[in-house]
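Shown next: work.cif, given as mmCIF, C-alpha atoms.
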data_data
#
loop_
_atom_site.group_PDB
_atom_site.id
_atom_site.type_symbol
_atom_site.label_atom_id
_atom_site.label_comp_id
_atom_site.auth_asym_id
_atom_site.auth_seq_id
_atom_site.Cartn_x
_atom_site.Cartn_y
_atom_site.Cartn_z
ATOM 1 C CA GLN A 251 82.964 230.962 -16.924
ATOM 2 C CA GLN A 252 84.326 229.309 -20.072
ATOM 3 C CA VAL A 253 81.069 230.012 -21.919
ATOM 4 C CA ILE A 254 81.123 233.680 -20.904
ATOM 5 C CA PHE A 255 84.759 233.990 -21.960
ATOM 6 C CA ALA A 256 84.118 232.270 -25.316
ATOM 7 C CA GLU A 257 81.193 234.567 -26.075
ATOM 8 C CA GLU A 258 83.118 237.730 -25.257
ATOM 9 C CA TYR A 259 86.195 236.478 -27.102
ATOM 10 C CA ALA A 260 84.130 235.893 -30.241
ATOM 11 C CA ALA A 261 82.274 239.194 -29.873
ATOM 12 C CA ALA A 262 85.641 240.969 -29.890
ATOM 13 C CA GLY A 263 86.459 239.400 -33.260
ATOM 14 C CA ALA A 264 89.479 237.599 -31.806
ATOM 15 C CA PRO A 265 91.296 234.916 -33.857
ATOM 16 C CA HIS A 266 90.801 231.164 -33.516
ATOM 17 C CA ARG A 267 92.374 229.597 -30.417
ATOM 18 C CA ILE A 268 95.480 227.518 -31.094
ATOM 19 C CA ASN A 269 95.132 224.710 -28.547
ATOM 20 C CA HIS A 270 91.614 223.272 -28.822
ATOM 21 C CA PHE A 271 92.806 219.714 -28.123
ATOM 22 C CA GLY A 272 94.654 220.759 -24.999
ATOM 23 C CA GLU A 273 92.150 223.214 -23.567
ATOM 24 C CA ASN A 274 88.849 221.552 -24.462
ATOM 25 C CA LEU A 275 89.695 217.830 -24.632
ATOM 26 C CA LEU A 276 92.775 216.740 -22.709
ATOM 27 C CA GLY A 277 92.517 219.384 -19.973
ATOM 28 C CA PRO A 278 89.029 218.331 -18.808
ATOM 29 C CA THR A 279 90.039 214.656 -19.146
ATOM 30 C CA LEU A 280 93.058 215.135 -16.879
ATOM 31 C CA ILE A 281 90.931 217.023 -14.348
ATOM 32 C CA GLU A 282 88.516 214.081 -14.232
ATOM 33 C CA CYS A 283 90.789 211.064 -14.727
ATOM 34 C CA GLY A 284 94.418 212.133 -14.235
ATOM 35 C CA THR A 285 96.700 211.887 -11.221
ATOM 36 C CA GLU A 286 97.670 214.941 -9.223
ATOM 37 C CA GLU A 287 101.173 214.710 -10.667
ATOM 38 C CA GLN A 288 99.812 214.661 -14.223
ATOM 39 C CA LYS A 289 97.626 217.681 -13.530
ATOM 40 C CA GLN A 290 100.540 219.648 -12.123
ATOM 41 C CA ARG A 291 102.805 218.650 -15.018
ATOM 42 C CA PHE A 292 100.476 219.270 -17.980
ATOM 43 C CA LEU A 293 97.639 221.655 -17.064
ATOM 44 C CA PRO A 294 99.742 224.823 -16.525
ATOM 45 C CA ALA A 295 101.405 224.465 -19.930
ATOM 46 C CA ILE A 296 98.016 223.883 -21.577
ATOM 47 C CA LYS A 297 96.608 226.969 -19.886
ATOM 48 C CA VAL A 298 99.314 229.333 -21.140
ATOM 49 C CA GLY A 299 99.761 227.665 -24.541
ATOM 50 C CA ASP A 300 103.339 226.498 -24.029
ATOM 51 C CA GLU A 301 102.517 222.939 -25.164
ATOM 52 C CA LEU A 302 100.180 222.102 -28.038
ATOM 53 C CA TRP A 303 98.317 218.786 -28.259
ATOM 54 C CA CYS A 304 96.808 216.466 -30.850
ATOM 55 C CA GLN A 305 94.532 213.435 -30.597
ATOM 56 C CA GLY A 306 95.783 209.948 -31.547
ATOM 57 C CA TYR A 307 92.581 207.933 -31.950
ATOM 58 C CA SER A 308 91.687 207.035 -35.555
ATOM 59 C CA GLU A 309 93.608 204.429 -37.528
ATOM 60 C CA PRO A 310 93.243 203.104 -41.082
ATOM 61 C CA GLY A 311 91.224 200.181 -39.673
ATOM 62 C CA ALA A 312 89.730 201.896 -36.632
ATOM 63 C CA GLY A 313 87.998 205.192 -37.311
ATOM 64 C CA SER A 314 84.569 205.553 -35.776
ATOM 65 C CA ASP A 315 84.996 201.978 -34.501
ATOM 66 C CA LEU A 316 87.658 202.987 -31.994
ATOM 67 C CA ALA A 317 87.620 199.567 -30.290
ATOM 68 C CA GLY A 318 89.460 198.181 -33.323
ATOM 69 C CA VAL A 319 92.695 200.035 -32.432
ATOM 70 C CA LYS A 320 95.834 198.087 -33.363
ATOM 71 C CA THR A 321 98.547 200.557 -32.332
ATOM 72 C CA LYS A 322 100.369 198.798 -29.511
ATOM 73 C CA ALA A 323 102.381 199.915 -26.506
ATOM 74 C CA VAL A 324 104.800 197.568 -24.759
ATOM 75 C CA ARG A 325 106.296 198.232 -21.329
ATOM 76 C CA ASP A 326 110.087 198.476 -21.337
ATOM 77 C CA GLY A 327 111.356 199.294 -17.864
ATOM 78 C CA ASP A 328 110.305 202.825 -16.980
ATOM 79 C CA GLU A 329 108.905 203.534 -20.445
ATOM 80 C CA TRP A 330 106.243 202.503 -22.929
ATOM 81 C CA VAL A 331 107.329 201.747 -26.502
ATOM 82 C CA ILE A 332 104.638 202.623 -29.059
ATOM 83 C CA THR A 333 104.312 201.132 -32.550
ATOM 84 C CA GLY A 334 101.498 201.721 -35.014
ATOM 85 C CA GLN A 335 99.763 204.246 -37.259
ATOM 86 C CA LYS A 336 97.214 206.982 -36.609
ATOM 87 C CA VAL A 337 95.380 208.921 -39.312
ATOM 88 C CA TRP A 338 93.318 212.118 -39.628
ATOM 89 C CA THR A 339 95.340 213.505 -36.721
ATOM 90 C CA SER A 340 94.403 217.188 -36.667
ATOM 91 C CA LEU A 341 97.326 219.615 -36.321
ATOM 92 C CA ALA A 342 99.807 216.848 -35.482
ATOM 93 C CA HIS A 343 102.465 218.745 -37.468
ATOM 94 C CA LEU A 344 102.237 221.569 -34.916
ATOM 95 C CA ALA A 345 101.744 219.530 -31.738
ATOM 96 C CA ASP A 346 104.233 218.933 -28.940
ATOM 97 C CA TRP A 347 102.254 216.047 -27.400
ATOM 98 C CA CYS A 348 99.632 213.515 -28.443
ATOM 99 C CA PHE A 349 97.129 211.621 -26.295
ATOM 100 C CA VAL A 350 97.197 208.159 -27.827
ATOM 101 C CA VAL A 351 94.839 205.216 -27.424
ATOM 102 C CA ALA A 352 96.986 202.074 -27.738
ATOM 103 C CA ARG A 353 96.612 198.379 -27.043
ATOM 104 C CA THR A 354 98.719 197.410 -24.020
ATOM 105 C CA ASP A 355 97.301 193.879 -23.627
ATOM 106 C CA PRO A 356 97.831 191.948 -26.891
ATOM 107 C CA ASP A 357 95.626 189.085 -25.687
ATOM 108 C CA ALA A 358 92.594 191.318 -25.075
ATOM 109 C CA THR A 359 90.132 192.257 -27.799
ATOM 110 C CA ARG A 360 87.874 195.170 -28.598
ATOM 111 C CA HIS A 361 87.351 197.569 -25.666
ATOM 112 C CA ALA A 362 89.510 195.620 -23.230
ATOM 113 C CA GLY A 363 93.280 195.999 -23.043
ATOM 114 C CA LEU A 364 93.465 199.596 -24.256
ATOM 115 C CA SER A 365 95.394 202.347 -22.460
ATOM 116 C CA TYR A 366 95.423 206.132 -22.768
ATOM 117 C CA LEU A 367 99.003 207.370 -23.155
ATOM 118 C CA LEU A 368 100.515 210.850 -23.285
ATOM 119 C CA VAL A 369 103.273 210.748 -25.915
ATOM 120 C CA PRO A 370 105.821 213.470 -26.832
ATOM 121 C CA MET A 371 105.867 214.183 -30.566
ATOM 122 C CA HIS A 372 109.379 215.620 -30.921
ATOM 123 C CA GLN A 373 111.406 212.399 -30.823
ATOM 124 C CA ASP A 374 112.879 209.712 -33.038
ATOM 125 C CA GLY A 375 110.240 207.163 -33.892
ATOM 126 C CA VAL A 376 107.494 209.693 -34.714
ATOM 127 C CA ASP A 377 106.926 210.394 -38.428
ATOM 128 C CA ILE A 378 104.246 212.974 -39.366
ATOM 129 C CA ARG A 379 102.931 213.180 -42.938
ATOM 130 C CA PRO A 380 100.400 215.942 -43.785
ATOM 131 C CA ILE A 381 97.325 215.025 -45.840
ATOM 132 C CA VAL A 382 96.313 217.568 -48.495
ATOM 133 C CA GLN A 383 92.572 218.199 -48.184
ATOM 134 C CA ILE A 384 89.920 219.374 -50.627
ATOM 135 C CA THR A 385 90.374 222.909 -49.257
ATOM 136 C CA GLY A 386 94.054 222.843 -50.208
ATOM 137 C CA GLY A 387 95.123 222.939 -46.554
ATOM 138 C CA SER A 388 96.694 220.177 -44.470
ATOM 139 C CA GLU A 389 95.165 220.304 -41.011
ATOM 140 C CA PHE A 390 94.968 216.490 -40.980
ATOM 141 C CA ASN A 391 97.979 214.175 -40.845
ATOM 142 C CA GLU A 392 99.114 210.583 -40.801
ATOM 143 C CA VAL A 393 101.285 209.776 -37.784
ATOM 144 C CA PHE A 394 103.563 206.725 -37.706
ATOM 145 C CA PHE A 395 104.945 205.509 -34.364
ATOM 146 C CA ASP A 396 107.986 203.281 -34.814
ATOM 147 C CA GLY A 397 109.461 202.616 -31.399
ATOM 148 C CA ALA A 398 108.391 205.975 -29.978
ATOM 149 C CA ARG A 399 108.699 206.195 -26.200
ATOM 150 C CA THR A 400 106.958 207.822 -23.263
ATOM 151 C CA ALA A 401 107.384 207.570 -19.505
ATOM 152 C CA ALA A 402 105.594 204.749 -17.723
ATOM 153 C CA ASP A 403 103.733 207.319 -15.582
ATOM 154 C CA ASN A 404 102.181 208.954 -18.662
ATOM 155 C CA VAL A 405 99.127 206.698 -18.547
ATOM 156 C CA VAL A 406 95.854 208.476 -17.754
ATOM 157 C CA GLY A 407 93.696 206.218 -15.617
ATOM 158 C CA GLU A 408 94.729 202.622 -15.058
ATOM 159 C CA VAL A 409 96.589 200.484 -17.566
ATOM 160 C CA GLY A 410 93.898 198.681 -19.547
ATOM 161 C CA ASP A 411 91.278 201.288 -18.662
ATOM 162 C CA GLY A 412 91.869 203.387 -21.760
ATOM 163 C CA TRP A 413 88.408 202.878 -23.215
ATOM 164 C CA ARG A 414 86.738 204.610 -20.264
ATOM 165 C CA VAL A 415 89.172 207.537 -20.409
ATOM 166 C CA ALA A 416 88.863 207.835 -24.196
ATOM 167 C CA MET A 417 85.065 207.950 -23.899
ATOM 168 C CA ALA A 418 85.368 210.732 -21.319
ATOM 169 C CA THR A 419 87.437 212.753 -23.806
ATOM 170 C CA LEU A 420 84.918 212.123 -26.587
ATOM 171 C CA GLY A 421 82.161 213.286 -24.267
ATOM 172 C CA PHE A 422 83.881 216.630 -23.900
ATOM 173 C CA GLU A 423 84.582 216.811 -27.645
ATOM 174 C CA ARG A 424 81.016 216.043 -28.715
ATOM 175 C CA GLY A 425 79.254 217.966 -25.994
ATOM 176 C CA VAL A 426 80.261 220.862 -23.780
ATOM 177 C CA ALA A 427 83.401 221.675 -25.788
ATOM 178 C CA THR A 428 81.151 222.598 -28.701
ATOM 179 C CA LEU A 429 79.862 225.652 -26.815
ATOM 180 C CA ALA A 430 82.947 227.598 -27.798
ATOM 181 C CA GLN A 431 82.707 226.099 -31.270
ATOM 182 C CA GLN A 432 79.133 227.355 -31.554
ATOM 183 C CA ILE A 433 80.334 230.906 -31.047
ATOM 184 C CA GLY A 434 82.335 230.451 -34.225
ATOM 185 C CA PHE A 435 79.249 228.993 -35.898
ATOM 186 C CA ALA A 436 77.292 232.108 -34.918
ATOM 187 C CA ARG A 437 79.949 234.322 -36.497
ATOM 188 C CA GLU A 438 79.782 232.284 -39.696
ATOM 189 C CA LEU A 439 75.983 232.492 -39.773
ATOM 190 C CA ASP A 440 76.131 236.257 -39.181
ATOM 191 C CA GLY A 441 78.482 236.526 -42.143
ATOM 192 C CA VAL A 442 76.103 234.579 -44.379
ATOM 193 C CA ILE A 443 73.145 236.707 -43.256
ATOM 194 C CA GLU A 444 75.085 239.920 -43.885
ATOM 195 C CA LEU A 445 76.021 238.706 -47.357
ATOM 196 C CA ALA A 446 72.393 237.767 -48.081
ATOM 197 C CA ARG A 447 71.236 241.252 -47.096
ATOM 198 C CA SER A 448 73.882 242.963 -49.199
ATOM 199 C CA THR A 449 73.052 240.938 -52.317
ATOM 200 C CA GLY A 450 69.288 241.040 -51.858
ATOM 201 C CA ALA A 451 69.130 237.259 -51.384
ATOM 202 C CA THR A 452 66.832 237.743 -48.392
ATOM 203 C CA GLU A 453 64.123 238.767 -50.863
ATOM 204 C CA ASP A 454 63.974 235.116 -51.942
ATOM 205 C CA PRO A 455 61.440 233.569 -49.526
ATOM 206 C CA MET A 456 63.090 230.139 -49.734
ATOM 207 C CA LEU A 457 66.515 231.497 -48.789
ATOM 208 C CA ALA A 458 65.002 233.706 -46.090
ATOM 209 C CA ASP A 459 63.303 230.656 -44.595
ATOM 210 C CA ARG A 460 66.583 228.678 -44.625
ATOM 211 C CA LEU A 461 68.427 231.534 -42.928
ATOM 212 C CA THR A 462 65.763 231.760 -40.226
ATOM 213 C CA GLN A 463 65.779 228.004 -39.710
ATOM 214 C CA ALA A 464 69.569 228.016 -39.337
ATOM 215 C CA TRP A 465 69.309 230.727 -36.660
ATOM 216 C CA VAL A 466 66.634 228.776 -34.743
ATOM 217 C CA GLU A 467 68.606 225.518 -34.868
ATOM 218 C CA LEU A 468 71.755 227.265 -33.632
ATOM 219 C CA LYS A 469 69.813 228.456 -30.570
ATOM 220 C CA VAL A 470 68.578 224.894 -29.971
ATOM 221 C CA MET A 471 72.161 223.621 -30.088
ATOM 222 C CA ARG A 472 73.268 226.244 -27.597
ATOM 223 C CA TYR A 473 70.528 225.434 -25.090
ATOM 224 C CA THR A 474 71.169 221.698 -25.466
ATOM 225 C CA ALA A 475 74.873 222.177 -24.727
ATOM 226 C CA LEU A 476 74.115 224.454 -21.768
ATOM 227 C CA ARG A 477 71.883 221.770 -20.258
ATOM 228 C CA MET A 478 74.813 219.373 -20.484
ATOM 229 C CA LEU A 479 76.841 221.638 -18.201
ATOM 230 C CA SER A 480 74.808 220.258 -15.299
ATOM 231 C CA ASN A 481 76.205 216.762 -15.968
ATOM 232 C CA ASP A 482 79.407 215.963 -14.084
ATOM 233 C CA LYS A 483 80.212 213.245 -16.623
ATOM 234 C CA PRO A 484 79.013 213.715 -20.209
ATOM 235 C CA GLY A 485 77.165 210.610 -21.379
ATOM 236 C CA VAL A 486 75.030 209.671 -24.349
ATOM 237 C CA GLU A 487 73.799 213.278 -24.492
ATOM 238 C CA ALA A 488 77.122 214.113 -26.121
ATOM 239 C CA SER A 489 76.128 211.961 -29.104
ATOM 240 C CA VAL A 490 72.859 213.879 -29.366
ATOM 241 C CA SER A 491 74.826 217.127 -29.460
ATOM 242 C CA LYS A 492 77.131 215.792 -32.206
ATOM 243 C CA LEU A 493 74.109 214.795 -34.303
ATOM 244 C CA LEU A 494 72.741 218.319 -33.941
ATOM 245 C CA TRP A 495 75.766 220.397 -34.867
ATOM 246 C CA ALA A 496 77.496 218.340 -37.563
ATOM 247 C CA PRO A 497 74.640 218.282 -40.149
ATOM 248 C CA TRP A 498 73.732 221.872 -39.214
ATOM 249 C CA HIS A 499 77.223 223.080 -40.069
ATOM 250 C CA GLN A 500 77.125 221.249 -43.381
ATOM 251 C CA ARG A 501 73.777 222.861 -44.215
ATOM 252 C CA LEU A 502 75.257 226.257 -43.333
ATOM 253 C CA GLY A 503 78.022 225.709 -45.888
ATOM 254 C CA GLU A 504 75.440 224.760 -48.504
ATOM 255 C CA LEU A 505 73.364 227.816 -47.595
ATOM 256 C CA ALA A 506 76.414 230.060 -47.926
ATOM 257 C CA MET A 507 76.960 228.794 -51.477
ATOM 258 C CA ALA A 508 73.268 229.290 -52.318
ATOM 259 C CA VAL A 509 73.457 232.890 -51.087
ATOM 260 C CA ARG A 510 76.631 233.509 -53.111
ATOM 261 C CA GLY A 511 75.062 232.043 -56.238
ATOM 262 C CA GLU A 512 77.321 231.745 -59.282
ATOM 263 C CA ALA A 513 80.049 233.715 -57.499
ATOM 264 C CA SER A 514 80.567 230.719 -55.207
ATOM 265 C CA LEU A 515 82.354 228.985 -58.104
ATOM 266 C CA ASP A 516 84.989 231.716 -58.470
ATOM 267 C CA VAL A 517 88.346 231.792 -56.697
ATOM 268 C CA ASP A 518 90.869 234.595 -56.384
ATOM 269 C CA ALA A 519 92.397 234.949 -59.842
ATOM 270 C CA ALA A 520 95.789 236.029 -58.499
ATOM 271 C CA THR A 521 96.283 233.490 -55.723
ATOM 272 C CA GLY A 522 93.757 230.717 -56.384
ATOM 273 C CA GLU A 523 92.826 230.912 -52.714
ATOM 274 C CA LEU A 524 89.376 230.040 -51.378
ATOM 275 C CA ASP A 525 87.477 232.632 -49.364
ATOM 276 C CA ASP A 526 86.059 231.938 -45.903
ATOM 277 C CA LEU A 527 82.633 230.809 -47.129
ATOM 278 C CA GLN A 528 84.053 228.464 -49.777
ATOM 279 C CA ARG A 529 86.360 226.973 -47.167
ATOM 280 C CA LEU A 530 83.386 226.581 -44.815
ATOM 281 C CA PHE A 531 81.445 224.670 -47.461
ATOM 282 C CA LEU A 532 84.287 222.313 -48.371
ATOM 283 C CA PHE A 533 85.672 221.670 -44.873
ATOM 284 C CA SER A 534 82.231 221.053 -43.342
ATOM 285 C CA ARG A 535 81.823 217.953 -45.518
ATOM 286 C CA ALA A 536 83.987 216.211 -42.913
ATOM 287 C CA ASP A 537 81.859 217.328 -39.939
ATOM 288 C CA THR A 538 79.661 214.225 -40.015
ATOM 289 C CA ILE A 539 82.725 211.956 -40.015
ATOM 290 C CA TYR A 540 85.328 213.233 -37.552
ATOM 291 C CA GLY A 541 84.677 212.996 -33.822
ATOM 292 C CA GLY A 542 82.608 209.882 -34.476
ATOM 293 C CA SER A 543 80.489 209.551 -37.618
ATOM 294 C CA ASN A 544 76.744 210.231 -37.547
ATOM 295 C CA GLU A 545 76.060 206.530 -38.054
ATOM 296 C CA ILE A 546 78.082 205.660 -34.955
ATOM 297 C CA GLN A 547 76.336 208.386 -32.924
ATOM 298 C CA ARG A 548 72.918 206.986 -33.852
ATOM 299 C CA ASP A 549 74.074 203.507 -32.852
ATOM 300 C CA ILE A 550 75.281 204.809 -29.462
ATOM 301 C CA ILE A 551 71.957 206.546 -28.840
ATOM 302 C CA ALA A 552 70.006 203.453 -29.890
ATOM 303 C CA ARG A 553 71.887 201.124 -27.562
ATOM 304 C CA ARG A 554 72.690 203.309 -24.552
ATOM 305 C CA MET A 555 69.620 205.559 -24.430
ATOM 306 C CA LEU A 556 66.877 203.495 -26.045
ATOM 307 C CA GLY A 557 68.095 200.051 -24.973
ATOM 308 C CA LEU A 558 67.954 198.592 -28.490
ATOM 309 C CA PRO A 559 70.096 195.558 -29.399
ATOM 310 C CA ARG A 560 73.328 195.908 -31.348
ATOM 311 C CA ALA A 561 72.681 195.794 -35.096
#

In structure tokens, what does this structure look like?
Amino acid sequence: QQVIFAEEYAAAGAPHRINHFGENLLGPTLIECGTEEQKQRFLPAIKVGDELWCQGYSEPGAGSDLAGVKTKAVRDGDEWVITGQKVWTSLAHLADWCFVVARTDPDATRHAGLSYLLVPMHQDGVDIRPIVQITGGSEFNEVFFDGARTAADNVVGEVGDGWRVAMATLGFERGVATLAQQIGFARELDGVIELARSTGATEDPMLADRLTQAWVELKVMRYTALRMLSNDKPGVEASVSKLLWAPWHQRLGELAMAVRGEASLDVDAATGELDDLQRLFLFSRADTIYGGSNEIQRDIIARRMLGLPRA
């Protein structure tokens, strides 16, 4: 049903959804791992868009290596007190809540001793600093927790079981959640193809071949993601999906610039603003990093699917 809705939504030319992290990441995680009370408290607001979410995973010393998280949460009566720093937190400046991976057992190392907390953003002790990106926008942010608090019941899963819950969220992010994302990819590809036809770029056999290859690979991504819908719990297949779409999207940005030719170097003289294709090219450079870098995805596939030893 979500796939059908996403396809029709995109076909209608509707704008981007505003709560990707709530709808596509936290919502499915709560359905799988949350308590009944948590579902009743948070899912209705996610569904109608009353509460926006962000994802508190990456840190300056723990990006793709999430097990290196140092942000800590200490129990204080009926609350958790959170201290630490997150970085590359998408849309944190607009979010009402953040799902945060924090270390609740200071004596445990790596994957052990982590917990998955739901933390309100509008409180003393939360400092959000936007990061200016190459596109000129600031979707990413640094978030500093300095004594921020959340209720003791706002732990998804068991205390100390945060790694399992965090991996469930990443499974949704890297896998099935990309189905809706791929609808946006299709719209971008259609725009590049339309531009190529209007400029005569399709007469270049090399560009025509690249456009055709992009269309074929997008279909492969779609069918791969649809197959994952049969899995109750996304596993290593999610890493395969991430390895498919991230480099593809980067190549699409490069293809868009090739189709534009010299005009790709120009910006609006009055405003200095980038157009959609220029923004696609620049922003997609991050695709192979966020959500788990390509190197980490290959390592996961090697160890969990192929049974190879850790490097």

Q) From the set A:Gly522, A:Pro497, A:Gly434, A:Pro559, which residue has the shortest atom-to-atom contact distance to Ser534 in chain A, counting only C-alpha atoms? A) A:Pro497

Selected by the PyMOL selection byres ((chain A and resi 269) around 7) in the shown coordinates: which residues, as a short mmCIF file (atom, residue, chain, number, x, y, z; two decimals) with C-alpha atoms, in the frame of the given file?
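What landed in result.cif:
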data_model
loop_
_atom_site.label_atom_id
_atom_site.label_comp_id
_atom_site.auth_asym_id
_atom_site.auth_seq_id
_atom_site.Cartn_x
_atom_site.Cartn_y
_atom_site.Cartn_z
CA ARG A 267 92.37 229.60 -30.42
CA ILE A 268 95.48 227.52 -31.09
CA HIS A 270 91.61 223.27 -28.82
CA PHE A 271 92.81 219.71 -28.12
CA GLY A 272 94.65 220.76 -25.00
CA GLU A 273 92.15 223.21 -23.57
CA GLY A 299 99.76 227.66 -24.54
CA LEU A 302 100.18 222.10 -28.04
CA TRP A 303 98.32 218.79 -28.26
#

Q.
Using all atoms listed in the file for the distances, tell me which of A:Glu286, A:Ser448, A:Gln383, A:Pro278 is nearest to Asp403 in chain A.
A.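 So, comparing all the options, the nearest one is A:Glu286.
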
Q. For the file shown, what are the residues hit by the PyMOL selection byres ((chain A and resi 340) around 8), laid out as number ranges by chain?
A. A: 304-305, 338-339, 341-342, 389-391

Q. Using only C-alpha atoms, which residue out of A:Gly318, A:Gly306, A:Ala256, A:Asp377 lies closest to Leu429 in chain A?
A.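 Counting only C-alpha atoms, the residue closest to Leu429 in chain A is A:Ala256.
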
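The spacing separating CA of Met471 in chain A from CA of Leu293 in chain A amounts to 28.7 Å.
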
Q: Could you tell me how far CA of Arg460 in chain A lies from CA of Glu487 in chain A, in Å and to one decimal?
A: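 These atoms are spaced 26.4 Å apart.
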
Q: Point out the residue among A:Met555, A:Met507, A:Val331, A:Ala352 with the least atom-to-atom distance to Arg529 in chain A, counting all atoms listed in the file.
A: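 Looking at the shortest contact to Arg529 in chain A, the residue is A:Met507.
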
Kindly complete range 454-467 of chain A to N, CA, C and O atoms; the output should be written as a PDB file, in the frame of the given file.
ATOM      1  N   ASP A 454      64.427 236.453 -51.530  1.00  0.00           N
ATOM      2  CA  ASP A 454      63.974 235.116 -51.942  1.00  0.00           C
ATOM      3  C   ASP A 454      63.371 234.429 -50.723  1.00  0.00           C
ATOM      4  O   ASP A 454      64.084 234.151 -49.752  1.00  0.00           O
ATOM      5  N   PRO A 455      62.065 234.135 -50.725  1.00  0.00           N
ATOM      6  CA  PRO A 455      61.440 233.569 -49.526  1.00  0.00           C
ATOM      7  C   PRO A 455      62.026 232.220 -49.112  1.00  0.00           C
ATOM      8  O   PRO A 455      62.077 231.909 -47.924  1.00  0.00           O
ATOM      9  N   MET A 456      62.495 231.432 -50.070  1.00  0.00           N
ATOM     10  CA  MET A 456      63.090 230.139 -49.734  1.00  0.00           C
ATOM     11  C   MET A 456      64.409 230.326 -48.987  1.00  0.00           C
ATOM     12  O   MET A 456      64.662 229.670 -47.972  1.00  0.00           O
ATOM     13  N   LEU A 457      65.253 231.239 -49.474  1.00  0.00           N
ATOM     14  CA  LEU A 457      66.515 231.497 -48.789  1.00  0.00           C
ATOM     15  C   LEU A 457      66.282 232.151 -47.438  1.00  0.00           C
ATOM     16  O   LEU A 457      66.965 231.832 -46.452  1.00  0.00           O
ATOM     17  N   ALA A 458      65.312 233.061 -47.365  1.00  0.00           N
ATOM     18  CA  ALA A 458      65.002 233.706 -46.090  1.00  0.00           C
ATOM     19  C   ALA A 458      64.550 232.679 -45.065  1.00  0.00           C
ATOM     20  O   ALA A 458      64.920 232.748 -43.884  1.00  0.00           O
ATOM     21  N   ASP A 459      63.767 231.715 -45.509  1.00  0.00           N
ATOM     22  CA  ASP A 459      63.303 230.656 -44.595  1.00  0.00           C
ATOM     23  C   ASP A 459      64.475 229.810 -44.117  1.00  0.00           C
ATOM     24  O   ASP A 459      64.560 229.453 -42.939  1.00  0.00           O
ATOM     25  N   ARG A 460      65.422 229.493 -45.008  1.00  0.00           N
ATOM     26  CA  ARG A 460      66.583 228.678 -44.625  1.00  0.00           C
ATOM     27  C   ARG A 460      67.478 229.438 -43.646  1.00  0.00           C
ATOM     28  O   ARG A 460      68.023 228.840 -42.711  1.00  0.00           O
ATOM     29  N   LEU A 461      67.630 230.734 -43.851  1.00  0.00           N
ATOM     30  CA  LEU A 461      68.427 231.534 -42.928  1.00  0.00           C
ATOM     31  C   LEU A 461      67.787 231.571 -41.547  1.00  0.00           C
ATOM     32  O   LEU A 461      68.473 231.437 -40.524  1.00  0.00           O
ATOM     33  N   THR A 462      66.478 231.740 -41.511  1.00  0.00           N
ATOM     34  CA  THR A 462      65.763 231.760 -40.226  1.00  0.00           C
ATOM     35  C   THR A 462      65.862 230.417 -39.526  1.00  0.00           C
ATOM     36  O   THR A 462      66.100 230.346 -38.307  1.00  0.00           O
ATOM     37  N   GLN A 463      65.696 229.338 -40.296  1.00  0.00           N
ATOM     38  CA  GLN A 463      65.779 228.004 -39.710  1.00  0.00           C
ATOM     39  C   GLN A 463      67.171 227.742 -39.141  1.00  0.00           C
ATOM     40  O   GLN A 463      67.319 227.150 -38.058  1.00  0.00           O
ATOM     41  N   ALA A 464      68.204 228.201 -39.835  1.00  0.00           N
ATOM     42  CA  ALA A 464      69.569 228.016 -39.337  1.00  0.00           C
ATOM     43  C   ALA A 464      69.761 228.744 -38.012  1.00  0.00           C
ATOM     44  O   ALA A 464      70.397 228.225 -37.090  1.00  0.00           O
ATOM     45  N   TRP A 465      69.202 229.956 -37.903  1.00  0.00           N
ATOM     46  CA  TRP A 465      69.309 230.727 -36.660  1.00  0.00           C
ATOM     47  C   TRP A 465      68.599 230.005 -35.518  1.00  0.00           C
ATOM     48  O   TRP A 465      69.129 229.900 -34.401  1.00  0.00           O
ATOM     49  N   VAL A 466      67.400 229.494 -35.776  1.00  0.00           N
ATOM     50  CA  VAL A 466      66.634 228.776 -34.743  1.00  0.00           C
ATOM     51  C   VAL A 466      67.396 227.539 -34.278  1.00  0.00           C
ATOM     52  O   VAL A 466      67.527 227.271 -33.078  1.00  0.00           O
ATOM     53  N   GLU A 467      67.915 226.764 -35.215  1.00  0.00           N
ATOM     54  CA  GLU A 467      68.606 225.518 -34.868  1.00  0.00           C
ATOM     55  C   GLU A 467      69.887 225.795 -34.086  1.00  0.00           C
ATOM     56  O   GLU A 467      70.265 225.005 -33.213  1.00  0.00           O
TER      57      GLU A 467
END
